[in-house]
$ cat structure-v1.tsv   # TSV, N, CA and C atoms
chain	number	residue	atom	x	y	z
A	1	MET	N	-18.73	-3.56	2.38
A	1	MET	CA	-17.32	-3.38	2.06
A	1	MET	C	-16.74	-2.37	3.01
A	2	ASN	N	-15.53	-2.53	3.34
A	2	ASN	CA	-14.82	-1.67	4.28
A	2	ASN	C	-14.14	-0.55	3.50
A	3	GLU	N	-14.93	0.48	3.12
A	3	GLU	CA	-14.40	1.55	2.28
A	3	GLU	C	-14.59	2.90	2.94
A	4	THR	N	-13.79	3.85	2.55
A	4	THR	CA	-13.93	5.21	3.02
A	4	THR	C	-14.87	5.95	2.07
A	5	LYS	N	-14.88	7.27	2.14
A	5	LYS	CA	-15.79	8.08	1.33
A	5	LYS	C	-15.72	7.73	-0.15
A	6	LYS	N	-16.90	7.78	-0.78
A	6	LYS	CA	-17.04	7.66	-2.24
A	6	LYS	C	-16.34	6.45	-2.83
A	7	GLY	N	-16.34	5.33	-2.14
A	7	GLY	CA	-15.82	4.10	-2.70
A	7	GLY	C	-14.32	3.94	-2.66
A	8	CYS	N	-13.60	4.82	-2.01
A	8	CYS	CA	-12.15	4.65	-1.89
A	8	CYS	C	-11.86	3.51	-0.92
A	9	PRO	N	-10.90	2.67	-1.21
A	9	PRO	CA	-10.60	1.55	-0.31
A	9	PRO	C	-10.06	2.05	1.03
A	10	SER	N	-10.41	1.33	2.08
A	10	SER	CA	-9.93	1.67	3.42
A	10	SER	C	-8.47	1.25	3.57
A	11	ALA	N	-7.86	1.70	4.64
A	11	ALA	CA	-6.47	1.33	4.92
A	11	ALA	C	-6.35	-0.18	5.11
A	12	LYS	N	-7.35	-0.80	5.76
A	12	LYS	CA	-7.32	-2.26	5.96
A	12	LYS	C	-7.38	-2.98	4.62
A	13	GLU	N	-8.27	-2.52	3.76
A	13	GLU	CA	-8.40	-3.16	2.45
A	13	GLU	C	-7.10	-3.03	1.66
A	14	LEU	N	-6.49	-1.86	1.68
A	14	LEU	CA	-5.22	-1.67	0.97
A	14	LEU	C	-4.13	-2.56	1.57
A	15	PHE	N	-4.11	-2.67	2.90
A	15	PHE	CA	-3.15	-3.52	3.60
A	15	PHE	C	-3.28	-4.97	3.11
A	16	TRP	N	-4.51	-5.48	3.08
A	16	TRP	CA	-4.71	-6.87	2.68
A	16	TRP	C	-4.49	-7.08	1.19
A	17	ARG	N	-4.89	-6.14	0.36
A	17	ARG	CA	-4.63	-6.28	-1.09
A	17	ARG	C	-3.13	-6.36	-1.35
A	18	ASP	N	-2.37	-5.54	-0.63
A	18	ASP	CA	-0.91	-5.55	-0.78
A	18	ASP	C	-0.35	-6.91	-0.37
A	19	HIS	N	-0.85	-7.46	0.74
A	19	HIS	CA	-0.39	-8.78	1.17
A	19	HIS	C	-0.78	-9.86	0.17
A	20	PHE	N	-1.97	-9.79	-0.39
A	20	PHE	CA	-2.37	-10.82	-1.37
A	20	PHE	C	-1.50	-10.75	-2.62
A	21	ASP	N	-1.18	-9.55	-3.06
A	21	ASP	CA	-0.29	-9.41	-4.22
A	21	ASP	C	1.09	-9.99	-3.90
A	22	SER	N	1.60	-9.71	-2.71
A	22	SER	CA	2.90	-10.24	-2.29
A	22	SER	C	2.87	-11.75	-2.16
A	23	TRP	N	1.78	-12.27	-1.60
A	23	TRP	CA	1.65	-13.72	-1.43
A	23	TRP	C	1.63	-14.42	-2.80
A	24	LYS	N	0.86	-13.88	-3.74
A	24	LYS	CA	0.77	-14.49	-5.08
A	24	LYS	C	2.13	-14.50	-5.76
A	25	ALA	N	2.91	-13.45	-5.57
A	25	ALA	CA	4.24	-13.37	-6.19
A	25	ALA	C	5.27	-14.24	-5.48
A	26	SER	N	4.97	-14.66	-4.25
A	26	SER	CA	5.96	-15.37	-3.44
A	26	SER	C	6.05	-16.87	-3.73
A	27	ALA	N	5.03	-17.47	-4.28
A	27	ALA	CA	4.95	-18.92	-4.51
A	27	ALA	C	4.93	-19.71	-3.19
A	28	LEU	N	4.63	-19.05	-2.07
A	28	LEU	CA	4.50	-19.73	-0.78
A	28	LEU	C	3.06	-20.16	-0.58
A	29	SER	N	2.87	-21.15	0.27
A	29	SER	CA	1.51	-21.51	0.66
A	29	SER	C	0.96	-20.38	1.52
A	30	GLN	N	-0.37	-20.33	1.67
A	30	GLN	CA	-0.97	-19.31	2.52
A	30	GLN	C	-0.44	-19.44	3.95
A	31	GLN	N	-0.36	-20.66	4.42
A	31	GLN	CA	0.09	-20.92	5.78
A	31	GLN	C	1.52	-20.41	6.00
A	32	GLU	N	2.41	-20.72	5.07
A	32	GLU	CA	3.80	-20.30	5.20
A	32	GLU	C	3.94	-18.78	5.08
A	33	TYR	N	3.20	-18.19	4.14
A	33	TYR	CA	3.25	-16.74	3.98
A	33	TYR	C	2.79	-16.05	5.27
A	34	CYS	N	1.68	-16.52	5.83
A	34	CYS	CA	1.16	-15.94	7.07
A	34	CYS	C	2.15	-16.11	8.22
A	35	ARG	N	2.80	-17.26	8.29
A	35	ARG	CA	3.77	-17.48	9.36
A	35	ARG	C	4.93	-16.50	9.22
A	36	GLN	N	5.45	-16.34	8.01
A	36	GLN	CA	6.59	-15.45	7.79
A	36	GLN	C	6.27	-13.98	8.03
A	37	HIS	N	5.00	-13.60	7.82
A	37	HIS	CA	4.60	-12.20	7.98
A	37	HIS	C	3.78	-11.97	9.25
A	38	GLN	N	3.74	-12.96	10.09
A	38	GLN	CA	3.04	-12.87	11.38
A	38	GLN	C	1.59	-12.43	11.21
A	39	LEU	N	0.90	-13.10	10.30
A	39	LEU	CA	-0.51	-12.84	10.04
A	39	LEU	C	-1.32	-14.06	10.49
A	40	ALA	N	-2.51	-13.83	11.00
A	40	ALA	CA	-3.39	-14.93	11.37
A	40	ALA	C	-3.96	-15.55	10.10
A	41	LEU	N	-3.79	-16.86	9.95
A	41	LEU	CA	-4.26	-17.56	8.75
A	41	LEU	C	-5.76	-17.38	8.55
A	42	ALA	N	-6.54	-17.44	9.63
A	42	ALA	CA	-7.99	-17.28	9.53
A	42	ALA	C	-8.35	-15.87	9.03
A	43	THR	N	-7.63	-14.86	9.51
A	43	THR	CA	-7.90	-13.49	9.08
A	43	THR	C	-7.49	-13.31	7.62
A	44	PHE	N	-6.39	-13.93	7.24
A	44	PHE	CA	-5.94	-13.90	5.84
A	44	PHE	C	-7.03	-14.48	4.94
A	45	GLY	N	-7.58	-15.63	5.33
A	45	GLY	CA	-8.64	-16.27	4.56
A	45	GLY	C	-9.90	-15.43	4.51
A	46	TYR	N	-10.26	-14.83	5.65
A	46	TYR	CA	-11.45	-13.98	5.70
A	46	TYR	C	-11.34	-12.83	4.70
A	47	TRP	N	-10.21	-12.11	4.75
A	47	TRP	CA	-10.03	-10.97	3.85
A	47	TRP	C	-9.90	-11.42	2.40
A	48	ARG	N	-9.30	-12.55	2.18
A	48	ARG	CA	-9.18	-13.06	0.80
A	48	ARG	C	-10.56	-13.31	0.21
A	49	ARG	N	-11.43	-13.96	0.98
A	49	ARG	CA	-12.81	-14.21	0.51
A	49	ARG	C	-13.56	-12.89	0.35
A	50	LYS	N	-13.44	-12.01	1.31
A	50	LYS	CA	-14.16	-10.74	1.30
A	50	LYS	C	-13.79	-9.90	0.07
A	51	LEU	N	-12.51	-9.82	-0.21
A	51	LEU	CA	-12.07	-9.00	-1.34
A	51	LEU	C	-12.32	-9.70	-2.68
A	52	LYS	N	-12.29	-11.01	-2.68
A	52	LYS	CA	-12.57	-11.76	-3.90
A	52	LYS	C	-14.02	-11.57	-4.31
A	53	ASP	N	-14.91	-11.56	-3.31
A	53	ASP	CA	-16.34	-11.43	-3.57
A	53	ASP	C	-16.78	-9.99	-3.83
A	54	SER	N	-15.94	-9.04	-3.49
A	54	SER	CA	-16.33	-7.63	-3.64
A	54	SER	C	-16.15	-7.19	-5.09
A	55	SER	N	-16.90	-6.19	-5.43
A	55	SER	CA	-16.74	-5.60	-6.77
A	55	SER	C	-16.05	-4.25	-6.67
A	56	ALA	N	-15.34	-4.05	-5.55
A	56	ALA	CA	-14.65	-2.77	-5.35
A	56	ALA	C	-13.56	-2.57	-6.39
A	57	ILE	N	-13.35	-1.35	-6.73
A	57	ILE	CA	-12.32	-0.99	-7.71
A	57	ILE	C	-10.98	-0.90	-7.01
A	58	LYS	N	-9.99	-1.56	-7.59
A	58	LYS	CA	-8.63	-1.45	-7.06
A	58	LYS	C	-8.10	-0.05	-7.34
A	59	PRO	N	-7.29	0.47	-6.44
A	59	PRO	CA	-6.73	1.80	-6.69
A	59	PRO	C	-5.89	1.80	-7.96
A	60	GLN	N	-5.93	2.90	-8.66
A	60	GLN	CA	-5.12	3.03	-9.86
A	60	GLN	C	-3.86	3.81	-9.51
A	61	PHE	N	-2.77	3.44	-10.11
A	61	PHE	CA	-1.50	4.09	-9.86
A	61	PHE	C	-1.08	4.85	-11.10
A	62	TYR	N	-0.61	6.07	-10.88
A	62	TYR	CA	-0.20	6.93	-11.97
A	62	TYR	C	1.25	7.34	-11.76
A	63	PRO	N	2.02	7.42	-12.83
A	63	PRO	CA	3.41	7.86	-12.68
A	63	PRO	C	3.44	9.34	-12.26
A	64	LEU	N	4.35	9.66	-11.41
A	64	LEU	CA	4.51	11.03	-10.94
A	64	LEU	C	5.96	11.43	-11.17
A	65	ALA	N	6.17	12.41	-12.01
A	65	ALA	CA	7.54	12.86	-12.31
A	65	ALA	C	7.96	13.85	-11.23
A	66	LEU	N	9.00	13.49	-10.50
A	66	LEU	CA	9.54	14.32	-9.44
A	66	LEU	C	11.04	14.48	-9.64
A	67	PRO	N	11.59	15.59	-9.20
A	67	PRO	CA	13.04	15.72	-9.26
A	67	PRO	C	13.68	14.60	-8.45
A	68	PRO	N	14.85	14.10	-8.87
A	68	PRO	CA	15.49	12.98	-8.16
A	68	PRO	C	15.68	13.20	-6.67
A	69	LYS	N	15.94	14.42	-6.23
A	69	LYS	CA	16.18	14.64	-4.81
A	69	LYS	C	14.95	14.41	-3.96
A	70	ILE	N	13.77	14.40	-4.54
A	70	ILE	CA	12.54	14.17	-3.77
A	70	ILE	C	12.48	12.72	-3.30
A	71	VAL	N	12.93	11.77	-4.12
A	71	VAL	CA	12.84	10.37	-3.72
A	71	VAL	C	14.15	9.84	-3.16
A	72	ALA	N	15.19	10.65	-3.18
A	72	ALA	CA	16.48	10.18	-2.67
A	72	ALA	C	16.43	10.06	-1.15
A	73	SER	N	17.09	9.06	-0.65
A	73	SER	CA	17.15	8.82	0.79
A	73	SER	C	18.31	9.61	1.39
A	74	ASP	N	18.15	9.98	2.65
A	74	ASP	CA	19.24	10.64	3.37
A	74	ASP	C	20.23	9.62	3.92
A	75	HIS	N	20.12	8.37	3.54
A	75	HIS	CA	20.95	7.29	4.07
A	75	HIS	C	21.91	6.77	3.00
A	76	GLY	N	22.66	7.65	2.40
A	76	GLY	CA	23.64	7.23	1.39
A	76	GLY	C	22.97	6.76	0.12
A	77	ASP	N	23.45	5.64	-0.43
A	77	ASP	CA	22.92	5.13	-1.69
A	77	ASP	C	21.65	4.32	-1.52
A	78	LYS	N	21.28	3.99	-0.29
A	78	LYS	CA	20.10	3.18	-0.03
A	78	LYS	C	18.84	3.91	-0.48
A	79	ARG	N	18.00	3.26	-1.26
A	79	ARG	CA	16.73	3.82	-1.70
A	79	ARG	C	15.62	3.25	-0.84
A	80	SER	N	14.63	4.06	-0.52
A	80	SER	CA	13.49	3.63	0.26
A	80	SER	C	12.25	3.61	-0.61
A	81	SER	N	11.36	2.69	-0.33
A	81	SER	CA	10.15	2.53	-1.12
A	81	SER	C	9.08	3.52	-0.71
A	82	LEU	N	8.32	3.99	-1.70
A	82	LEU	CA	7.24	4.93	-1.48
A	82	LEU	C	6.13	4.60	-2.46
A	83	ARG	N	4.88	4.63	-1.98
A	83	ARG	CA	3.71	4.45	-2.85
A	83	ARG	C	2.78	5.63	-2.63
A	84	LEU	N	2.27	6.17	-3.72
A	84	LEU	CA	1.35	7.29	-3.68
A	84	LEU	C	0.04	6.84	-4.30
A	85	MET	N	-1.07	7.02	-3.59
A	85	MET	CA	-2.38	6.64	-4.10
A	85	MET	C	-3.27	7.88	-4.12
A	86	LEU	N	-3.97	8.09	-5.24
A	86	LEU	CA	-4.87	9.22	-5.39
A	86	LEU	C	-6.29	8.72	-5.47
A	87	CYS	N	-7.21	9.39	-4.76
A	87	CYS	CA	-8.61	8.99	-4.78
A	87	CYS	C	-9.47	10.20	-4.41
A	88	ASP	N	-10.39	10.57	-5.29
A	88	ASP	CA	-11.31	11.67	-5.02
A	88	ASP	C	-10.59	12.94	-4.59
A	89	ASN	N	-9.61	13.35	-5.36
A	89	ASN	CA	-8.84	14.58	-5.10
A	89	ASN	C	-8.11	14.57	-3.76
A	90	ARG	N	-7.82	13.40	-3.22
A	90	ARG	CA	-7.04	13.25	-2.00
A	90	ARG	C	-5.92	12.27	-2.30
A	91	PHE	N	-4.89	12.27	-1.48
A	91	PHE	CA	-3.81	11.34	-1.69
A	91	PHE	C	-3.46	10.63	-0.41
A	92	ALA	N	-2.94	9.42	-0.57
A	92	ALA	CA	-2.42	8.65	0.56
A	92	ALA	C	-1.00	8.24	0.19
A	93	ILE	N	-0.12	8.31	1.16
A	93	ILE	CA	1.28	7.97	0.94
A	93	ILE	C	1.65	6.83	1.86
A	94	GLU	N	2.18	5.76	1.30
A	94	GLU	CA	2.71	4.65	2.09
A	94	GLU	C	4.22	4.64	1.91
A	95	ILE	N	4.95	4.58	3.02
A	95	ILE	CA	6.40	4.59	2.95
A	95	ILE	C	6.97	3.45	3.77
A	96	ASP	N	8.09	2.94	3.35
A	96	ASP	CA	8.79	1.91	4.11
A	96	ASP	C	9.63	2.57	5.18
A	97	GLU	N	9.99	1.79	6.17
A	97	GLU	CA	10.83	2.28	7.26
A	97	GLU	C	12.15	2.83	6.70
A	98	GLY	N	12.59	3.91	7.24
A	98	GLY	CA	13.86	4.48	6.82
A	98	GLY	C	13.75	5.53	5.74
A	99	PHE	N	12.53	5.81	5.26
A	99	PHE	CA	12.37	6.84	4.24
A	99	PHE	C	12.66	8.20	4.86
A	100	SER	N	13.32	9.04	4.17
A	100	SER	CA	13.77	10.34	4.66
A	100	SER	C	12.59	11.26	5.00
A	101	PRO	N	12.50	11.75	6.24
A	101	PRO	CA	11.44	12.71	6.58
A	101	PRO	C	11.51	13.99	5.72
A	102	ALA	N	12.71	14.44	5.39
A	102	ALA	CA	12.86	15.63	4.56
A	102	ALA	C	12.32	15.37	3.16
A	103	ALA	N	12.59	14.20	2.61
A	103	ALA	CA	12.08	13.85	1.27
A	103	ALA	C	10.56	13.76	1.30
A	104	LEU	N	10.01	13.21	2.37
A	104	LEU	CA	8.56	13.10	2.50
A	104	LEU	C	7.93	14.49	2.57
A	105	GLN	N	8.54	15.38	3.31
A	105	GLN	CA	8.03	16.75	3.42
A	105	GLN	C	8.04	17.43	2.05
A	106	ARG	N	9.12	17.26	1.27
A	106	ARG	CA	9.19	17.86	-0.07
A	106	ARG	C	8.12	17.26	-0.98
A	107	LEU	N	7.87	15.96	-0.86
A	107	LEU	CA	6.85	15.30	-1.68
A	107	LEU	C	5.46	15.86	-1.35
A	108	VAL	N	5.14	15.95	-0.07
A	108	VAL	CA	3.82	16.47	0.33
A	108	VAL	C	3.65	17.90	-0.16
A	109	GLN	N	4.68	18.71	-0.04
A	109	GLN	CA	4.59	20.09	-0.53
A	109	GLN	C	4.35	20.12	-2.04
A	110	ALA	N	5.02	19.25	-2.78
A	110	ALA	CA	4.82	19.19	-4.23
A	110	ALA	C	3.39	18.76	-4.57
A	111	LEU	N	2.84	17.81	-3.82
A	111	LEU	CA	1.48	17.35	-4.06
A	111	LEU	C	0.45	18.43	-3.73
A	112	GLU	N	0.68	19.19	-2.68
A	112	GLU	CA	-0.26	20.23	-2.28
A	112	GLU	C	-0.26	21.39	-3.26
A	113	GLN	N	0.84	21.59	-3.99
A	113	GLN	CA	0.91	22.67	-4.97
A	113	GLN	C	0.25	22.30	-6.28
A	114	ALA	N	0.09	21.01	-6.52
A	114	ALA	CA	-0.48	20.55	-7.80
A	114	ALA	C	-1.96	20.83	-7.90

$ encode --input "structure-v1.tsv" --output "C-alpha cells"
Amino acid sequence: MNETKKGCPSAKELFWRDHFDSWKASALSQQEYCRQHQLALATFGYWRRKLKDSSAIKPQFYPLALPPKIVASDHGDKRSSLRLMLCDNRFAIEIDEGFSPAALQRLVQALEQA
C-alpha cells in the first residue's frame, strides 16, 4: 500500500480516493469522468483496483469550530473550499484555488496552538 508513517494514507491515495468519491457522485462513466478530469483511464482503473483490494483505513473527518473570519475568503462573498485531515498528531490541509493566504495562515496558527 502506498502509505506514509503509521498507516496514514499517502497524498496519491487521498488524491485517488477523492476522485473515486467524485466519480461515484457524478453518474458519469469511468471513461467520461477521466476525460473531463484529464486522467488516464488505465491509471484510474489501477488505483480503483488497488484501493478496493486494500484494507487501509479511510481518513476520518472531524468538525472543527473556527471563528467565521478564519474560513472567509478575501474575495468578497465567494467561499473557498478547505479540507483538514488529522492523522497521528499531524494535520494535512487541502485547499481549492483562490483560498485566502491570510485565512490559511490563521488556520495553521490555530491548529498549532491546539

$ atom_distance --input "structure-v1.tsv" --atom1 "atom C of Val108 of chain A" --atom2 "atom CA of Arg83 of chain A"
13.7 Å

$ atom_distance --input "structure-v1.tsv" --atom1 "atom CA of Ala102 of chain A" --atom2 "atom CA of Ser81 of chain A"
14.5 Å

$ atom_distance --input "structure-v1.tsv" --atom1 "atom CA of Cys8 of chain A" --atom2 "atom CA of Ala103 of chain A"
26.1 Å

$ closest_residue --input "structure-v1.tsv" --among "A:Leu82, A:Arg17, A:Gln109, A:Lys24" --to "Asp96 of chain A" --atoms "all atoms listed in the file"
A:Leu82

$ build_atoms --input "structure-v1.tsv" --residues "segment 35-52 of chain A" --atoms "N, CA, C and O atoms" --output "short mmCIF file (atom, residue, chain, number, x, y, z; two decimals), keeping the file's coordinate frame"
data_model
loop_
_atom_site.label_atom_id
_atom_site.label_comp_id
_atom_site.auth_asym_id
_atom_site.auth_seq_id
_atom_site.Cartn_x
_atom_site.Cartn_y
_atom_site.Cartn_z
N ARG A 35 2.80 -17.26 8.29
CA ARG A 35 3.77 -17.48 9.36
C ARG A 35 4.93 -16.50 9.22
O ARG A 35 5.34 -15.87 10.20
N GLN A 36 5.45 -16.34 8.01
CA GLN A 36 6.59 -15.45 7.79
C GLN A 36 6.27 -13.98 8.03
O GLN A 36 7.13 -13.19 8.39
N HIS A 37 5.00 -13.60 7.82
CA HIS A 37 4.60 -12.20 7.98
C HIS A 37 3.78 -11.97 9.25
O HIS A 37 3.21 -10.89 9.42
N GLN A 38 3.74 -12.96 10.09
CA GLN A 38 3.04 -12.87 11.38
C GLN A 38 1.59 -12.43 11.21
O GLN A 38 1.11 -11.50 11.87
N LEU A 39 0.90 -13.10 10.30
CA LEU A 39 -0.51 -12.84 10.04
C LEU A 39 -1.32 -14.06 10.49
O LEU A 39 -0.87 -15.19 10.32
N ALA A 40 -2.51 -13.83 11.00
CA ALA A 40 -3.39 -14.93 11.37
C ALA A 40 -3.96 -15.55 10.10
O ALA A 40 -4.52 -14.85 9.25
N LEU A 41 -3.79 -16.86 9.95
CA LEU A 41 -4.26 -17.56 8.75
C LEU A 41 -5.76 -17.38 8.55
O LEU A 41 -6.22 -17.16 7.43
N ALA A 42 -6.54 -17.44 9.63
CA ALA A 42 -7.99 -17.28 9.53
C ALA A 42 -8.35 -15.87 9.03
O ALA A 42 -9.25 -15.71 8.20
N THR A 43 -7.63 -14.86 9.51
CA THR A 43 -7.90 -13.49 9.08
C THR A 43 -7.49 -13.31 7.62
O THR A 43 -8.18 -12.64 6.84
N PHE A 44 -6.39 -13.93 7.24
CA PHE A 44 -5.94 -13.90 5.84
C PHE A 44 -7.03 -14.48 4.94
O PHE A 44 -7.40 -13.89 3.92
N GLY A 45 -7.58 -15.63 5.33
CA GLY A 45 -8.64 -16.27 4.56
C GLY A 45 -9.90 -15.43 4.51
O GLY A 45 -10.56 -15.33 3.47
N TYR A 46 -10.26 -14.83 5.65
CA TYR A 46 -11.45 -13.98 5.70
C TYR A 46 -11.34 -12.83 4.70
O TYR A 46 -12.25 -12.59 3.91
N TRP A 47 -10.21 -12.11 4.75
CA TRP A 47 -10.03 -10.97 3.85
C TRP A 47 -9.90 -11.42 2.40
O TRP A 47 -10.36 -10.73 1.49
N ARG A 48 -9.30 -12.55 2.18
CA ARG A 48 -9.18 -13.06 0.80
C ARG A 48 -10.56 -13.31 0.21
O ARG A 48 -10.86 -12.91 -0.92
N ARG A 49 -11.43 -13.96 0.98
CA ARG A 49 -12.81 -14.21 0.51
C ARG A 49 -13.56 -12.89 0.35
O ARG A 49 -14.27 -12.69 -0.64
N LYS A 50 -13.44 -12.01 1.31
CA LYS A 50 -14.16 -10.74 1.30
C LYS A 50 -13.79 -9.90 0.07
O LYS A 50 -14.66 -9.36 -0.61
N LEU A 51 -12.51 -9.82 -0.21
CA LEU A 51 -12.07 -9.00 -1.34
C LEU A 51 -12.32 -9.70 -2.68
O LEU A 51 -12.56 -9.02 -3.68
N LYS A 52 -12.29 -11.01 -2.68
CA LYS A 52 -12.57 -11.76 -3.90
C LYS A 52 -14.02 -11.57 -4.31
O LYS A 52 -14.34 -11.43 -5.49
#
